[in-house]
>>> print(open('my_file10.cif').read())   # mmCIF, N, CA and C atoms
data_data
loop_
_atom_site.label_atom_id
_atom_site.label_comp_id
_atom_site.auth_asym_id
_atom_site.auth_seq_id
_atom_site.Cartn_x
_atom_site.Cartn_y
_atom_site.Cartn_z
N MET A 24 5.64 -15.60 -9.47
CA MET A 24 5.26 -14.58 -8.51
C MET A 24 6.20 -13.38 -8.58
N SER A 25 7.49 -13.59 -8.81
CA SER A 25 8.45 -12.48 -8.77
C SER A 25 8.14 -11.41 -9.80
N SER A 26 7.63 -11.80 -10.97
CA SER A 26 7.31 -10.80 -11.99
C SER A 26 6.17 -9.90 -11.54
N ASP A 27 5.39 -10.33 -10.56
CA ASP A 27 4.30 -9.51 -10.03
C ASP A 27 4.82 -8.27 -9.31
N TYR A 28 6.09 -8.26 -8.99
CA TYR A 28 6.68 -7.13 -8.27
C TYR A 28 7.45 -6.18 -9.18
N GLY A 29 7.32 -6.37 -10.47
CA GLY A 29 8.01 -5.49 -11.41
C GLY A 29 7.64 -4.02 -11.23
N PHE A 30 6.36 -3.76 -10.94
CA PHE A 30 5.93 -2.37 -10.76
C PHE A 30 6.62 -1.75 -9.55
N TYR A 31 6.78 -2.52 -8.46
CA TYR A 31 7.41 -1.98 -7.26
C TYR A 31 8.91 -1.80 -7.48
N ALA A 32 9.53 -2.77 -8.15
CA ALA A 32 10.95 -2.63 -8.48
C ALA A 32 11.16 -1.38 -9.34
N GLY A 33 10.26 -1.15 -10.29
CA GLY A 33 10.34 0.04 -11.13
C GLY A 33 10.22 1.32 -10.32
N ILE A 34 9.33 1.32 -9.34
CA ILE A 34 9.16 2.49 -8.47
C ILE A 34 10.44 2.75 -7.69
N LEU A 35 11.01 1.70 -7.11
CA LEU A 35 12.24 1.86 -6.33
C LEU A 35 13.37 2.42 -7.20
N ARG A 36 13.50 1.89 -8.41
CA ARG A 36 14.54 2.38 -9.32
C ARG A 36 14.28 3.83 -9.74
N PHE A 37 13.02 4.15 -10.00
CA PHE A 37 12.66 5.51 -10.40
C PHE A 37 13.03 6.50 -9.31
N VAL A 38 12.66 6.19 -8.07
CA VAL A 38 12.98 7.09 -6.96
C VAL A 38 14.50 7.19 -6.80
N ALA A 39 15.21 6.08 -6.92
CA ALA A 39 16.67 6.10 -6.78
C ALA A 39 17.31 6.99 -7.85
N LYS A 40 16.79 6.95 -9.06
CA LYS A 40 17.35 7.76 -10.14
C LYS A 40 16.98 9.22 -10.03
N LYS A 41 15.76 9.51 -9.54
CA LYS A 41 15.28 10.89 -9.46
C LYS A 41 15.83 11.66 -8.26
N THR A 42 16.38 10.94 -7.30
CA THR A 42 16.88 11.58 -6.08
C THR A 42 18.30 12.07 -6.29
N GLU A 43 18.52 13.33 -5.94
CA GLU A 43 19.87 13.88 -6.05
C GLU A 43 20.78 13.19 -5.03
N THR A 44 21.95 12.80 -5.50
CA THR A 44 22.85 12.03 -4.65
C THR A 44 24.16 12.75 -4.35
N ASP A 45 24.07 14.05 -4.15
CA ASP A 45 25.27 14.81 -3.79
C ASP A 45 25.78 14.42 -2.41
N ASP A 46 24.86 14.10 -1.53
CA ASP A 46 25.20 13.70 -0.18
C ASP A 46 25.56 12.21 -0.17
N ARG A 47 26.63 11.86 0.51
CA ARG A 47 27.10 10.47 0.55
C ARG A 47 26.07 9.52 1.13
N GLU A 48 25.40 9.92 2.22
CA GLU A 48 24.40 9.06 2.85
C GLU A 48 23.22 8.80 1.91
N ILE A 49 22.80 9.82 1.19
CA ILE A 49 21.70 9.66 0.25
C ILE A 49 22.11 8.74 -0.89
N LYS A 50 23.34 8.88 -1.33
CA LYS A 50 23.85 8.00 -2.39
C LYS A 50 23.80 6.53 -1.94
N VAL A 51 24.18 6.28 -0.69
CA VAL A 51 24.14 4.93 -0.14
C VAL A 51 22.69 4.42 -0.09
N MET A 52 21.77 5.28 0.37
CA MET A 52 20.37 4.87 0.45
C MET A 52 19.81 4.52 -0.92
N MET A 53 20.15 5.30 -1.92
CA MET A 53 19.65 5.03 -3.27
C MET A 53 20.27 3.76 -3.84
N GLY A 54 21.50 3.48 -3.43
CA GLY A 54 22.13 2.22 -3.80
C GLY A 54 21.38 1.03 -3.21
N HIS A 55 20.93 1.18 -1.97
CA HIS A 55 20.12 0.13 -1.34
C HIS A 55 18.85 -0.11 -2.17
N LEU A 56 18.18 0.97 -2.55
CA LEU A 56 16.94 0.83 -3.31
C LEU A 56 17.17 0.09 -4.62
N SER A 57 18.24 0.44 -5.30
CA SER A 57 18.53 -0.22 -6.58
C SER A 57 18.80 -1.71 -6.40
N GLY A 58 19.58 -2.05 -5.39
CA GLY A 58 19.88 -3.45 -5.12
C GLY A 58 18.65 -4.23 -4.69
N ILE A 59 17.81 -3.62 -3.86
CA ILE A 59 16.58 -4.26 -3.41
C ILE A 59 15.64 -4.45 -4.60
N ALA A 60 15.58 -3.46 -5.48
CA ALA A 60 14.72 -3.57 -6.67
C ALA A 60 15.09 -4.79 -7.50
N THR A 61 16.36 -5.00 -7.71
CA THR A 61 16.82 -6.15 -8.49
C THR A 61 16.44 -7.46 -7.80
N ALA A 62 16.63 -7.52 -6.49
CA ALA A 62 16.32 -8.75 -5.75
C ALA A 62 14.83 -9.07 -5.78
N ILE A 63 13.98 -8.07 -5.54
CA ILE A 63 12.55 -8.37 -5.49
C ILE A 63 11.98 -8.68 -6.88
N GLU A 64 12.58 -8.12 -7.88
CA GLU A 64 12.14 -8.42 -9.23
C GLU A 64 12.40 -9.89 -9.57
N GLN A 65 13.47 -10.41 -9.02
CA GLN A 65 13.85 -11.80 -9.30
C GLN A 65 13.11 -12.80 -8.41
N SER A 66 12.87 -12.43 -7.16
CA SER A 66 12.34 -13.44 -6.23
C SER A 66 11.20 -12.98 -5.33
N GLY A 67 10.91 -11.68 -5.29
CA GLY A 67 9.88 -11.19 -4.38
C GLY A 67 10.38 -11.05 -2.95
N ARG A 68 11.69 -11.18 -2.77
CA ARG A 68 12.28 -11.05 -1.44
C ARG A 68 13.64 -10.37 -1.55
N PHE A 69 14.14 -9.89 -0.43
CA PHE A 69 15.45 -9.27 -0.41
C PHE A 69 16.08 -9.45 0.96
N VAL A 70 17.39 -9.24 1.00
CA VAL A 70 18.17 -9.39 2.23
C VAL A 70 18.86 -8.06 2.52
N VAL A 71 18.86 -7.67 3.79
CA VAL A 71 19.57 -6.46 4.22
C VAL A 71 20.49 -6.84 5.38
N GLU A 72 21.73 -6.43 5.28
CA GLU A 72 22.67 -6.65 6.38
C GLU A 72 22.35 -5.69 7.52
N ARG A 73 22.60 -6.15 8.74
CA ARG A 73 22.29 -5.34 9.93
C ARG A 73 22.88 -3.92 9.81
N ALA A 74 24.11 -3.81 9.34
CA ALA A 74 24.76 -2.50 9.24
C ALA A 74 24.05 -1.56 8.26
N ASN A 75 23.23 -2.10 7.38
CA ASN A 75 22.53 -1.28 6.38
C ASN A 75 21.07 -1.04 6.70
N CYS A 76 20.59 -1.58 7.80
CA CYS A 76 19.16 -1.49 8.11
C CYS A 76 18.66 -0.05 8.28
N GLU A 77 19.42 0.76 8.99
CA GLU A 77 18.96 2.12 9.25
C GLU A 77 18.87 2.94 7.96
N SER A 78 19.89 2.86 7.13
CA SER A 78 19.85 3.64 5.89
C SER A 78 18.82 3.09 4.91
N ALA A 79 18.62 1.78 4.90
CA ALA A 79 17.58 1.19 4.04
C ALA A 79 16.20 1.62 4.53
N ALA A 80 16.01 1.69 5.84
CA ALA A 80 14.73 2.14 6.40
C ALA A 80 14.45 3.58 5.98
N ARG A 81 15.46 4.42 6.04
CA ARG A 81 15.29 5.81 5.61
C ARG A 81 14.98 5.89 4.12
N ALA A 82 15.58 5.02 3.34
CA ALA A 82 15.31 5.00 1.90
C ALA A 82 13.85 4.63 1.63
N PHE A 83 13.34 3.63 2.33
CA PHE A 83 11.94 3.24 2.15
C PHE A 83 10.99 4.36 2.59
N ALA A 84 11.34 5.06 3.66
CA ALA A 84 10.51 6.19 4.10
C ALA A 84 10.50 7.28 3.02
N GLY A 85 11.63 7.49 2.38
CA GLY A 85 11.71 8.46 1.29
C GLY A 85 10.86 8.06 0.10
N VAL A 86 10.82 6.78 -0.20
CA VAL A 86 9.98 6.29 -1.30
C VAL A 86 8.52 6.58 -0.99
N ALA A 87 8.09 6.26 0.22
CA ALA A 87 6.70 6.49 0.61
C ALA A 87 6.34 7.97 0.52
N LYS A 88 7.23 8.82 1.01
CA LYS A 88 6.98 10.26 0.98
C LYS A 88 6.88 10.76 -0.46
N PHE A 89 7.80 10.35 -1.31
CA PHE A 89 7.81 10.78 -2.70
C PHE A 89 6.51 10.36 -3.39
N LEU A 90 6.12 9.12 -3.22
CA LEU A 90 4.90 8.62 -3.86
C LEU A 90 3.65 9.35 -3.35
N GLN A 91 3.60 9.55 -2.04
CA GLN A 91 2.43 10.18 -1.45
C GLN A 91 2.30 11.65 -1.84
N GLU A 92 3.41 12.34 -1.90
CA GLU A 92 3.36 13.77 -2.18
C GLU A 92 3.32 14.11 -3.67
N ARG A 93 3.97 13.30 -4.50
CA ARG A 93 4.12 13.68 -5.90
C ARG A 93 3.36 12.84 -6.91
N ILE A 94 3.25 11.54 -6.67
CA ILE A 94 2.69 10.65 -7.68
C ILE A 94 1.22 10.31 -7.40
N LEU A 95 0.90 9.98 -6.17
CA LEU A 95 -0.47 9.60 -5.82
C LEU A 95 -1.49 10.68 -6.18
N PRO A 96 -1.23 11.96 -5.89
CA PRO A 96 -2.22 12.98 -6.26
C PRO A 96 -2.53 13.01 -7.76
N GLU A 97 -1.52 12.75 -8.59
CA GLU A 97 -1.76 12.74 -10.04
C GLU A 97 -2.63 11.55 -10.43
N ALA A 98 -2.38 10.39 -9.84
CA ALA A 98 -3.18 9.20 -10.15
C ALA A 98 -4.63 9.40 -9.68
N LEU A 99 -4.80 10.01 -8.51
CA LEU A 99 -6.14 10.29 -8.01
C LEU A 99 -6.87 11.26 -8.93
N ALA A 100 -6.19 12.32 -9.34
CA ALA A 100 -6.79 13.32 -10.22
C ALA A 100 -7.19 12.72 -11.57
N ALA A 101 -6.41 11.76 -12.04
CA ALA A 101 -6.69 11.12 -13.32
C ALA A 101 -7.77 10.04 -13.19
N GLY A 102 -8.12 9.68 -11.97
CA GLY A 102 -9.12 8.65 -11.76
C GLY A 102 -8.65 7.27 -12.15
N ASN A 103 -7.35 7.04 -12.10
CA ASN A 103 -6.77 5.76 -12.49
C ASN A 103 -6.76 4.83 -11.28
N GLU A 104 -7.82 4.06 -11.12
CA GLU A 104 -7.98 3.21 -9.94
C GLU A 104 -6.88 2.16 -9.80
N GLY A 105 -6.47 1.57 -10.91
CA GLY A 105 -5.40 0.58 -10.86
C GLY A 105 -4.10 1.17 -10.35
N ALA A 106 -3.75 2.35 -10.87
CA ALA A 106 -2.53 3.03 -10.41
C ALA A 106 -2.65 3.43 -8.96
N VAL A 107 -3.81 3.91 -8.56
CA VAL A 107 -4.02 4.32 -7.17
C VAL A 107 -3.82 3.12 -6.24
N ASN A 108 -4.39 1.97 -6.62
CA ASN A 108 -4.23 0.77 -5.79
C ASN A 108 -2.77 0.35 -5.68
N GLN A 109 -2.05 0.38 -6.80
CA GLN A 109 -0.63 0.03 -6.77
C GLN A 109 0.16 1.02 -5.94
N LEU A 110 -0.14 2.30 -6.08
CA LEU A 110 0.59 3.32 -5.32
C LEU A 110 0.32 3.20 -3.83
N LYS A 111 -0.93 2.98 -3.47
CA LYS A 111 -1.25 2.81 -2.05
C LYS A 111 -0.51 1.60 -1.48
N TRP A 112 -0.51 0.51 -2.25
CA TRP A 112 0.22 -0.68 -1.81
C TRP A 112 1.70 -0.36 -1.65
N ALA A 113 2.28 0.35 -2.61
CA ALA A 113 3.71 0.68 -2.56
C ALA A 113 4.02 1.58 -1.37
N ILE A 114 3.15 2.53 -1.08
CA ILE A 114 3.35 3.43 0.06
C ILE A 114 3.28 2.63 1.36
N GLU A 115 2.22 1.84 1.51
CA GLU A 115 2.05 1.05 2.74
C GLU A 115 3.18 0.05 2.93
N THR A 116 3.57 -0.59 1.84
CA THR A 116 4.65 -1.58 1.92
C THR A 116 5.97 -0.92 2.27
N SER A 117 6.26 0.22 1.67
CA SER A 117 7.51 0.94 1.96
C SER A 117 7.57 1.36 3.42
N LEU A 118 6.46 1.87 3.96
CA LEU A 118 6.44 2.27 5.36
C LEU A 118 6.58 1.06 6.29
N ALA A 119 5.91 -0.03 5.94
CA ALA A 119 6.00 -1.24 6.77
C ALA A 119 7.42 -1.82 6.75
N LEU A 120 8.04 -1.83 5.58
CA LEU A 120 9.41 -2.33 5.48
C LEU A 120 10.38 -1.46 6.28
N GLY A 121 10.22 -0.16 6.17
CA GLY A 121 11.07 0.75 6.94
C GLY A 121 10.94 0.52 8.43
N SER A 122 9.71 0.36 8.87
CA SER A 122 9.45 0.10 10.29
C SER A 122 10.04 -1.23 10.73
N GLU A 123 9.88 -2.24 9.90
CA GLU A 123 10.40 -3.57 10.23
C GLU A 123 11.93 -3.57 10.28
N LEU A 124 12.56 -2.83 9.39
CA LEU A 124 14.03 -2.73 9.40
C LEU A 124 14.53 -2.12 10.71
N VAL A 125 13.86 -1.07 11.17
CA VAL A 125 14.25 -0.42 12.42
C VAL A 125 14.01 -1.38 13.59
N LYS A 126 12.90 -2.08 13.55
CA LYS A 126 12.57 -3.04 14.61
C LYS A 126 13.63 -4.13 14.71
N ARG A 127 14.09 -4.61 13.58
CA ARG A 127 15.05 -5.73 13.57
C ARG A 127 16.37 -5.35 14.25
N ILE A 128 16.78 -4.10 14.14
CA ILE A 128 18.04 -3.72 14.78
C ILE A 128 17.85 -3.26 16.22
N ALA A 129 16.59 -3.02 16.62
CA ALA A 129 16.34 -2.50 17.96
C ALA A 129 15.96 -3.58 18.98
N LEU A 130 15.33 -4.65 18.54
CA LEU A 130 14.81 -5.63 19.49
C LEU A 130 15.84 -6.73 19.82
N GLU A 131 15.82 -7.13 21.07
CA GLU A 131 16.75 -8.16 21.55
C GLU A 131 16.59 -9.48 20.80
N GLU A 132 15.37 -9.82 20.41
CA GLU A 132 15.14 -11.12 19.76
C GLU A 132 15.92 -11.27 18.46
N TYR A 133 16.36 -10.16 17.87
CA TYR A 133 17.14 -10.21 16.63
C TYR A 133 18.64 -9.98 16.88
N GLU A 134 19.02 -9.84 18.15
CA GLU A 134 20.41 -9.60 18.51
C GLU A 134 21.28 -10.75 18.00
N GLY A 135 22.41 -10.41 17.41
CA GLY A 135 23.31 -11.42 16.90
C GLY A 135 23.05 -11.83 15.46
N GLN A 136 21.91 -11.43 14.95
CA GLN A 136 21.59 -11.75 13.55
C GLN A 136 22.22 -10.66 12.67
N GLU A 137 23.03 -11.07 11.72
CA GLU A 137 23.78 -10.11 10.91
C GLU A 137 23.09 -9.69 9.61
N LYS A 138 22.09 -10.46 9.18
CA LYS A 138 21.33 -10.06 8.00
C LYS A 138 19.90 -10.56 8.14
N PHE A 139 19.00 -9.88 7.43
CA PHE A 139 17.58 -10.16 7.54
C PHE A 139 16.98 -10.32 6.15
N THR A 140 16.11 -11.32 6.03
CA THR A 140 15.42 -11.57 4.77
C THR A 140 13.99 -11.09 4.89
N PHE A 141 13.52 -10.40 3.87
CA PHE A 141 12.16 -9.87 3.84
C PHE A 141 11.43 -10.39 2.61
N ASP A 142 10.23 -10.90 2.82
CA ASP A 142 9.33 -11.27 1.73
C ASP A 142 8.30 -10.17 1.59
N LEU A 143 8.02 -9.76 0.37
CA LEU A 143 7.01 -8.73 0.15
C LEU A 143 5.62 -9.30 0.32
N PRO A 144 4.67 -8.47 0.76
CA PRO A 144 3.28 -8.93 0.80
C PRO A 144 2.77 -9.13 -0.62
N LEU A 145 1.66 -9.84 -0.75
CA LEU A 145 1.09 -10.05 -2.08
C LEU A 145 0.84 -8.72 -2.76
N PRO A 146 1.10 -8.64 -4.07
CA PRO A 146 0.84 -7.39 -4.79
C PRO A 146 -0.66 -7.12 -4.86
N PRO A 147 -1.05 -5.90 -5.17
CA PRO A 147 -2.45 -5.47 -5.10
C PRO A 147 -3.47 -6.38 -5.79
N ARG A 148 -3.23 -6.78 -7.01
CA ARG A 148 -4.29 -7.52 -7.71
C ARG A 148 -4.53 -8.89 -7.11
N ARG A 149 -3.54 -9.44 -6.43
CA ARG A 149 -3.73 -10.73 -5.77
C ARG A 149 -4.05 -10.55 -4.30
N ALA A 150 -3.62 -9.48 -3.71
CA ALA A 150 -3.81 -9.27 -2.28
C ALA A 150 -5.30 -9.20 -1.93
N ASP A 151 -6.11 -8.51 -2.73
CA ASP A 151 -7.53 -8.39 -2.43
C ASP A 151 -8.17 -9.76 -2.34
N HIS A 152 -7.90 -10.61 -3.30
CA HIS A 152 -8.47 -11.96 -3.30
C HIS A 152 -7.91 -12.78 -2.14
N ALA A 153 -6.63 -12.69 -1.92
CA ALA A 153 -6.00 -13.48 -0.86
C ALA A 153 -6.48 -13.06 0.52
N LEU A 154 -6.69 -11.76 0.71
CA LEU A 154 -7.14 -11.29 2.01
C LEU A 154 -8.54 -11.79 2.34
N LYS A 155 -9.38 -11.98 1.34
CA LYS A 155 -10.71 -12.53 1.59
C LYS A 155 -10.60 -13.97 2.06
N MET A 156 -9.62 -14.68 1.53
CA MET A 156 -9.44 -16.08 1.89
C MET A 156 -8.59 -16.25 3.15
N LEU A 157 -7.63 -15.37 3.36
CA LEU A 157 -6.71 -15.48 4.48
C LEU A 157 -6.66 -14.16 5.25
N PRO A 158 -7.66 -13.85 6.04
CA PRO A 158 -7.72 -12.54 6.71
C PRO A 158 -6.60 -12.29 7.71
N ASP A 159 -5.92 -13.33 8.16
CA ASP A 159 -4.88 -13.12 9.16
C ASP A 159 -3.48 -13.13 8.55
N ARG A 160 -3.35 -13.06 7.21
CA ARG A 160 -2.04 -13.10 6.55
C ARG A 160 -1.19 -11.92 7.00
N THR A 161 0.03 -12.20 7.37
CA THR A 161 0.96 -11.14 7.74
C THR A 161 1.96 -10.96 6.60
N PRO A 162 2.41 -9.72 6.35
CA PRO A 162 3.23 -9.46 5.19
C PRO A 162 4.69 -9.90 5.29
N PHE A 163 5.20 -10.19 6.46
CA PHE A 163 6.62 -10.50 6.59
C PHE A 163 6.81 -11.87 7.22
N THR A 164 7.86 -12.54 6.76
CA THR A 164 8.18 -13.83 7.36
C THR A 164 9.51 -13.76 8.06
#
>>> encode(input="my_file10.cif", output="structure tokens")
Amino acid sequence: MSSDYGFYAGILRFVAKKTETDDREIKVMMGHLSGIATAIEQSGRFVVERANCESAARAFAGVAKFLQERILPEALAAGNEGAVNQLKWAIETSLALGSELVKRIALEEYEGQEKFTFDLPLPPRRADHALKMLPDRTPFT
């Protein structure tokens, strides 16, 4: 299953490399993306320490914005349905992960927890089939 996330790991690394890192905070965020890319490529999951949740959330929001503004329009114009599906999944997943990271540090139910583990939702080519069989599947555990 972990190899199914190679495309997303590649996207995270691409954004991390393409983003200018003159600012210290941005450099930290891009470091999060690189580390997360390695983890998800190996296992389909990653861990974020509480102290890094906010900057990791901002990094995921940046990934979604970059893909939506720069890459998705090109895939749509080219009529590449497979790429469009992967990009939409990557955008939605990045936004959901960012939101979940913020939620984990804000809600009382997670108080005292110093790190959080995230499992990625099924990748696009399997998600369509799985959603027909499991309509109530939630992307995070």
>>> closest_atom_pairs(input="my_file10.cif", of="region 69-129 of chain A", to="region 51-61 of chain A", cutoff="6.5 Å", atoms="only N, CA and C atoms", output="Markdown table")
| residue | atom | partner | partner_atom | distance |
| --- | --- | --- | --- | --- |
| A:Phe69 | CA | A:Ile59 | CA | 5.9 |
| A:Ser78 | C | A:Met52 | CA | 5.0 |
| A:Ala79 | N | A:Met52 | CA | 5.7 |
| A:Ala82 | CA | A:Met52 | CA | 5.3 |
>>> residues_around(input="my_file10.cif", residues="region 135-151 of chain A", least_positions_apart="5", cutoff="7 Å", atoms="only C-alpha atoms", output="NGL selection string")
:A and (27-28 or 67-73 or 108-109 or 112 or 162-164)
>>> atom_distance(input="my_file10.cif", atom1="CA of Glu48 (chain A)", atom2="CA of Asn75 (chain A)")
11.1 Å
>>> atom_distance(input="my_file10.cif", atom1="CA of Leu130 (chain A)", atom2="CA of Lys111 (chain A)")
28.2 Å
>>> residues_around(input="my_file10.cif", residues="region 95-101 of chain A", least_positions_apart="6", cutoff="8 Å", atoms="only N, CA and C atoms", output="number ranges by chain")
A: 89, 107, 110-111
>>> write_last_selection(input="my_file10.cif", atoms="N, CA and C atoms", output="short mmCIF file (atom, residue, chain, number, x, y, z; two decimals), in the frame of the given file")
data_model
loop_
_atom_site.label_atom_id
_atom_site.label_comp_id
_atom_site.auth_asym_id
_atom_site.auth_seq_id
_atom_site.Cartn_x
_atom_site.Cartn_y
_atom_site.Cartn_z
N PHE A 89 7.80 10.35 -1.31
CA PHE A 89 7.81 10.78 -2.70
C PHE A 89 6.51 10.36 -3.39
N VAL A 107 -3.81 3.91 -8.56
CA VAL A 107 -4.02 4.32 -7.17
C VAL A 107 -3.82 3.12 -6.24
N LEU A 110 -0.14 2.30 -6.08
CA LEU A 110 0.59 3.32 -5.32
C LEU A 110 0.32 3.20 -3.83
N LYS A 111 -0.93 2.98 -3.47
CA LYS A 111 -1.25 2.81 -2.05
C LYS A 111 -0.51 1.60 -1.48
#
>>> atom_distance(input="my_file10.cif", atom1="atom C of Asp46 (chain A)", atom2="atom N of Ala84 (chain A)")
16.4 Å
>>> resolve_selection(input="my_file10.cif", expression="the PyMOL selection byres (((chain A and resi 118 and name CA) around 12) and name CA)", output="PyMOL selection string")
chain A and resi 79-91+111-117+119-125
>>> select_by_dssp(input="my_file10.cif", residues="chain A", states="strand (DSSP E)", output="list in words")
Arg68, Phe69, Val70, Val71, Glu72, Lys138, Phe139, Thr140, Phe141 and Asp142 of chain A
>>> resolve_selection(input="my_file10.cif", expression="the PyMOL selection byres (((chain A and resi 64 and name CA) around 6) and name CA)", output="list in words")
Ser25, Tyr28, Gly29, Ala32, Thr61, Ala62, Ile63, Gln65 and Ser66 of chain A
>>> select_by_dssp(input="my_file10.cif", residues="region 24-162 of chain A", states="helix (DSSP H, G or I)", output="PyMOL selection string")
chain A and resi 25-41+47-66+73-101+104-129+131-133+147-156
